[in-house]
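Below: the structure, in structure tokens.
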Amino acid sequence: MADGPEITRLNSYVGFDSITKQIEHKLLKRGFQFNVIVVGQTGLGKSTLINTIFASHLIDSKGRFEADEPIRQTTEIQAVSHVVQENNVTLRLNIVDTPGYGDLVNNENCWDPIIKYIKDQHSAYLRKELTAMRDRYIQDTRIHCALYFIAPTGHSLRTIDIIVMKKLSEVVNVVPVIAKSDSLTLEERQKFKETIRAELAHHNIRVFPFDNDENDPEETQLNEAIRNMIPFAVVGSERNVIIDGKPVRGRKNRWGVINVENEQHCDFNYLRNFLMRTHLQDLIETTAQIHYEAFRSKQLLALKESSANKAAQQQPNGV
């Protein structure tokens with residue numbers, strides 16, 4: 001027995017197959033929105049990696065360049081917006097930085113401003129959505145991806161890493177990366193990755209990507225391959241170095257050259273392809289359908305209960 005309705009054969013060409021081109025035309029005119037937050041200690045190359053991914057200088061480093069510069073005492077949330085274009089596709093990009101996170105001796109509750117910021121974006125979208133005369137297209141500032149930077153210690157996750165990734169994974173798509181992975185040998189890097197994956201599983205920390213019923217076998221296989229690679233061991237660089245007479249983005253040291261885009265040197269290509277070329281739309285949809293929907297349902301249920309309580313209090317005694 002067939003799972004779906006029987007397909008009716010058409011006697012001639014109708015033309016509704018052009019709907020995909022119609023949708024593409026409208027979307028290209030409107031453009032796309034992508035919002036990413038970077039979380040990690042100062043000095044792990046967060047700004048450099050973002051600039052490397054988008055092949056452009058989009059954000060400046062917030063790290064200290066002089067020893068006498070004061071350490072930031074709070075996590076200052078800073079958002080930078082850019083419009084980038086590639087082959088007639090316009091992307092409105094919001095990059096949210098969290099400088100000062102995890103830098104202090106006492107880091108208790110240092111993650112609260114980050115969680116609050118993410119929830120505030122959900123709240124702002126919900127308010128606009130519930131407005132009687134709402135905009136045709138609501139400006140979307142909901143965070144689609146949290147790049148979580150792990151220090152390349154080669155040992156295990158810090159307690160703060162476990163706590164923060166656990167809390168972040170409840171409200172946003174978390175993608176963990178090992179920063180400045182060229183400070184580890186290939187053997188150390190592989191062992192570190194395996195340790196981190198084991199710790200994520202032990203603490204029930206769900207990182208992106210997720211599987212769903214709509215995935216076909218090819219998508220499920222790709223997601224599994226990515227989960228076996230996470231965390232991405234990355235190196236960022238905005239500078240070109242010469243290898244075999246050709247300029248490549250990389251880092252040069254006394255032992256040789258790290259080519260950022262060489263997959264034998266680091267996972268940068270895999271990370272960029274994952275974020276931009278295979279899972280960009282999935283990140284956006286998962287934010288709307290899972291994280292935002294959970295927030296929305298919780299808020300509307302609380303609003304309904306509050307209204308019911310007020311109505312009960314206004315009822316005259318004995319009614």
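Each chain in the structure tokens gets a letter, A, B and so on, in the order shown; residues start at 1 in every chain, and ligands are counted from 1 in the order they appear.
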
Residue set, region 46-273 of chain A restricted to strand (DSSP E or B), as a count of residues only = 47

Among region 143-257 of chain A, which ones does DSSP place in helix (DSSP H, G or I), written as a PyMOL selection string?
-> chain A and resi 159-169+181-183+186-202+217-229

So which residues touch region 172-186 of chain A within 7 Å, counting only C-alpha atoms, skipping near sequence neighbours fewer than 3 positions away, as an MDAnalysis selection string?
-> chainID A and resid 44:45 143:152 168:169 189:190 207:208 230:235 287 291

With only C-alpha atoms as the atoms that count, which of A:Val14, A:Val248, A:Ala311, A:Ile95 lies nearest to Lys46 (chain A)?
-> A:Ile95

Extract, using only C-alpha atoms, all DNA, RNA and protein residues at most 12 Å from region 237-247 of chain A, discarding same-chain residues fewer than 6 positions from it, and format them as a PyMOL selection string.
-> chain A and resi 45-60+179-180+182+253+256-262+268

Okay, now the selection with N, CA, C and O atoms, as an mmCIF file, in the first residue's frame?
data_model
loop_
_atom_site.group_PDB
_atom_site.id
_atom_site.type_symbol
_atom_site.label_atom_id
_atom_site.label_comp_id
_atom_site.auth_asym_id
_atom_site.auth_seq_id
_atom_site.Cartn_x
_atom_site.Cartn_y
_atom_site.Cartn_z
ATOM 1 N N GLY A 45 41.369 33.839 19.456
ATOM 2 C CA GLY A 45 41.266 34.079 18.017
ATOM 3 C C GLY A 45 39.848 34.072 17.484
ATOM 4 O O GLY A 45 39.619 33.705 16.325
ATOM 5 N N LYS A 46 38.886 34.504 18.300
ATOM 6 C CA LYS A 46 37.482 34.504 17.866
ATOM 7 C C LYS A 46 37.278 35.450 16.684
ATOM 8 O O LYS A 46 36.665 35.080 15.672
ATOM 9 N N SER A 47 37.763 36.677 16.825
ATOM 10 C CA SER A 47 37.599 37.661 15.747
ATOM 11 C C SER A 47 38.314 37.211 14.474
ATOM 12 O O SER A 47 37.773 37.322 13.370
ATOM 13 N N THR A 48 39.514 36.679 14.627
ATOM 14 C CA THR A 48 40.293 36.238 13.470
ATOM 15 C C THR A 48 39.588 35.119 12.724
ATOM 16 O O THR A 48 39.547 35.109 11.485
ATOM 17 N N LEU A 49 39.000 34.179 13.468
ATOM 18 C CA LEU A 49 38.318 33.067 12.799
ATOM 19 C C LEU A 49 37.102 33.549 12.022
ATOM 20 O O LEU A 49 36.870 33.118 10.886
ATOM 21 N N ILE A 50 36.324 34.458 12.615
ATOM 22 C CA ILE A 50 35.157 35.001 11.904
ATOM 23 C C ILE A 50 35.605 35.690 10.621
ATOM 24 O O ILE A 50 35.020 35.502 9.543
ATOM 25 N N ASN A 51 36.655 36.491 10.712
ATOM 26 C CA ASN A 51 37.165 37.188 9.528
ATOM 27 C C ASN A 51 37.692 36.199 8.481
ATOM 28 O O ASN A 51 37.560 36.429 7.273
ATOM 29 N N THR A 52 38.256 35.090 8.946
ATOM 30 C CA THR A 52 38.769 34.074 8.026
ATOM 31 C C THR A 52 37.620 33.365 7.316
ATOM 32 O O THR A 52 37.676 33.113 6.105
ATOM 33 N N ILE A 53 36.564 33.036 8.067
ATOM 34 C CA ILE A 53 35.410 32.332 7.482
ATOM 35 C C ILE A 53 34.792 33.151 6.355
ATOM 36 O O ILE A 53 34.467 32.627 5.286
ATOM 37 N N PHE A 54 34.641 34.477 6.596
ATOM 38 C CA PHE A 54 33.953 35.322 5.624
ATOM 39 C C PHE A 54 34.920 36.043 4.682
ATOM 40 O O PHE A 54 34.505 36.914 3.918
ATOM 41 N N ALA A 55 36.204 35.667 4.748
ATOM 42 C CA ALA A 55 37.216 36.198 3.822
ATOM 43 C C ALA A 55 37.173 37.717 3.752
ATOM 44 O O ALA A 55 37.285 38.314 2.678
ATOM 45 N N SER A 56 36.977 38.354 4.907
ATOM 46 C CA SER A 56 36.905 39.810 4.963
ATOM 47 C C SER A 56 37.123 40.256 6.401
ATOM 48 O O SER A 56 36.807 39.520 7.345
ATOM 49 N N HIS A 57 37.659 41.466 6.574
ATOM 50 C CA HIS A 57 37.870 41.973 7.932
ATOM 51 C C HIS A 57 36.559 42.587 8.426
ATOM 52 O O HIS A 57 36.214 43.715 8.086
ATOM 53 N N LEU A 58 35.826 41.820 9.235
ATOM 54 C CA LEU A 58 34.511 42.254 9.706
ATOM 55 C C LEU A 58 34.528 42.763 11.133
ATOM 56 O O LEU A 58 33.779 43.673 11.480
ATOM 57 N N ILE A 59 35.346 42.163 11.992
ATOM 58 C CA ILE A 59 35.406 42.614 13.389
ATOM 59 C C ILE A 59 36.853 42.720 13.842
ATOM 60 O O ILE A 59 37.722 41.969 13.391
ATOM 61 N N ASP A 60 37.104 43.681 14.729
ATOM 62 C CA ASP A 60 38.429 43.879 15.298
ATOM 63 C C ASP A 60 38.587 43.026 16.542
ATOM 64 O O ASP A 60 37.617 42.729 17.240
ATOM 65 N N ALA A 179 40.209 26.125 19.432
ATOM 66 C CA ALA A 179 40.896 27.304 18.903
ATOM 67 C C ALA A 179 42.403 27.061 18.813
ATOM 68 O O ALA A 179 42.960 26.275 19.579
ATOM 69 N N LYS A 180 43.027 27.732 17.844
ATOM 70 C CA LYS A 180 44.492 27.699 17.695
ATOM 71 C C LYS A 180 45.030 26.270 17.789
ATOM 72 O O LYS A 180 45.965 25.967 18.530
ATOM 73 N N ASP A 182 46.825 24.593 15.980
ATOM 74 C CA ASP A 182 48.190 24.322 15.534
ATOM 75 C C ASP A 182 49.163 24.238 16.699
ATOM 76 O O ASP A 182 50.331 23.893 16.505
ATOM 77 N N ASN A 253 55.646 29.848 11.057
ATOM 78 C CA ASN A 253 56.481 29.828 12.258
ATOM 79 C C ASN A 253 57.816 29.166 11.928
ATOM 80 O O ASN A 253 58.085 28.846 10.764
ATOM 81 N N GLY A 256 57.605 25.809 10.003
ATOM 82 C CA GLY A 256 56.990 25.713 8.685
ATOM 83 C C GLY A 256 55.775 26.604 8.570
ATOM 84 O O GLY A 256 55.635 27.588 9.309
ATOM 85 N N VAL A 257 54.880 26.270 7.665
ATOM 86 C CA VAL A 257 53.695 27.086 7.387
ATOM 87 C C VAL A 257 52.435 26.261 7.628
ATOM 88 O O VAL A 257 52.343 25.113 7.171
ATOM 89 N N ILE A 258 51.487 26.839 8.359
ATOM 90 C CA ILE A 258 50.165 26.240 8.528
ATOM 91 C C ILE A 258 49.250 26.853 7.481
ATOM 92 O O ILE A 258 48.977 28.051 7.511
ATOM 93 N N ASN A 259 48.808 26.046 6.538
ATOM 94 C CA ASN A 259 47.868 26.498 5.512
ATOM 95 C C ASN A 259 46.454 26.298 6.049
ATOM 96 O O ASN A 259 45.991 25.174 6.241
ATOM 97 N N VAL A 260 45.768 27.404 6.312
ATOM 98 C CA VAL A 260 44.446 27.357 6.933
ATOM 99 C C VAL A 260 43.478 26.488 6.134
ATOM 100 O O VAL A 260 42.637 25.776 6.705
ATOM 101 N N GLU A 261 43.593 26.525 4.805
ATOM 102 C CA GLU A 261 42.635 25.819 3.958
ATOM 103 C C GLU A 261 43.117 24.434 3.522
ATOM 104 O O GLU A 261 42.486 23.809 2.673
ATOM 105 N N ASN A 262 44.203 23.969 4.126
ATOM 106 C CA ASN A 262 44.676 22.613 3.864
ATOM 107 C C ASN A 262 44.055 21.681 4.902
ATOM 108 O O ASN A 262 44.299 21.814 6.100
ATOM 109 N N PHE A 268 39.501 23.854 9.260
ATOM 110 C CA PHE A 268 38.846 25.103 8.887
ATOM 111 C C PHE A 268 37.897 24.927 7.695
ATOM 112 O O PHE A 268 36.758 25.407 7.716
#

Residue among A:Arg142, A:His155, A:Lys116, A:Arg9 lying closest to Gln33 (chain A), counting only C-alpha atoms |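 Comparing A:Arg142, A:His155, A:Lys116, A:Arg9 against Gln33 (chain A), the winner is A:Arg142.
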
Would you work out the distance separating CA of Gly154 (chain A) from CA of Gly102 (chain A), expressed in Å to one decimal?
->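 The value is 18.3 Å.
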
Find the spatial neighbours of Ile205 (chain A), counting only C-alpha atoms, within a cut-off of 9 Å - ignore same-chain residues fewer than 5 positions away - and output them as a list in words.
->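 Non-adjacent residues within range: Ile162, Met165, Lys166, Lys167, Ser169, Glu170, Glu199 and Leu200 of chain A.
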
Store the residues picked out above, limited to N, CA and C atoms, as a PDB file, in the first residue's frame.
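Result saved to selection_5.pdb:
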ATOM      1  N   ILE A 162      31.851  23.056  30.355  1.00  0.00           N
ATOM      2  CA  ILE A 162      30.734  22.112  30.452  1.00  0.00           C
ATOM      3  C   ILE A 162      29.453  22.836  30.857  1.00  0.00           C
ATOM      4  N   MET A 165      28.326  25.385  27.893  1.00  0.00           N
ATOM      5  CA  MET A 165      27.797  24.692  26.704  1.00  0.00           C
ATOM      6  C   MET A 165      26.460  24.022  27.007  1.00  0.00           C
ATOM      7  N   LYS A 166      26.323  23.499  28.225  1.00  0.00           N
ATOM      8  CA  LYS A 166      25.054  22.886  28.629  1.00  0.00           C
ATOM      9  C   LYS A 166      23.936  23.922  28.612  1.00  0.00           C
ATOM     10  N   LYS A 167      24.204  25.099  29.177  1.00  0.00           N
ATOM     11  CA  LYS A 167      23.186  26.154  29.229  1.00  0.00           C
ATOM     12  C   LYS A 167      22.910  26.733  27.846  1.00  0.00           C
ATOM     13  N   SER A 169      23.229  25.189  24.959  1.00  0.00           N
ATOM     14  CA  SER A 169      22.569  24.219  24.090  1.00  0.00           C
ATOM     15  C   SER A 169      21.063  24.187  24.303  1.00  0.00           C
ATOM     16  N   GLU A 170      20.589  24.734  25.419  1.00  0.00           N
ATOM     17  CA  GLU A 170      19.148  24.784  25.693  1.00  0.00           C
ATOM     18  C   GLU A 170      18.459  25.923  24.957  1.00  0.00           C
ATOM     19  N   GLU A 199      33.023  13.658  26.788  1.00  0.00           N
ATOM     20  CA  GLU A 199      32.501  14.522  27.851  1.00  0.00           C
ATOM     21  C   GLU A 199      31.158  15.138  27.460  1.00  0.00           C
ATOM     22  N   LEU A 200      31.009  15.512  26.202  1.00  0.00           N
ATOM     23  CA  LEU A 200      29.728  16.054  25.733  1.00  0.00           C
ATOM     24  C   LEU A 200      28.624  15.008  25.892  1.00  0.00           C
TER      25      LEU A 200
END
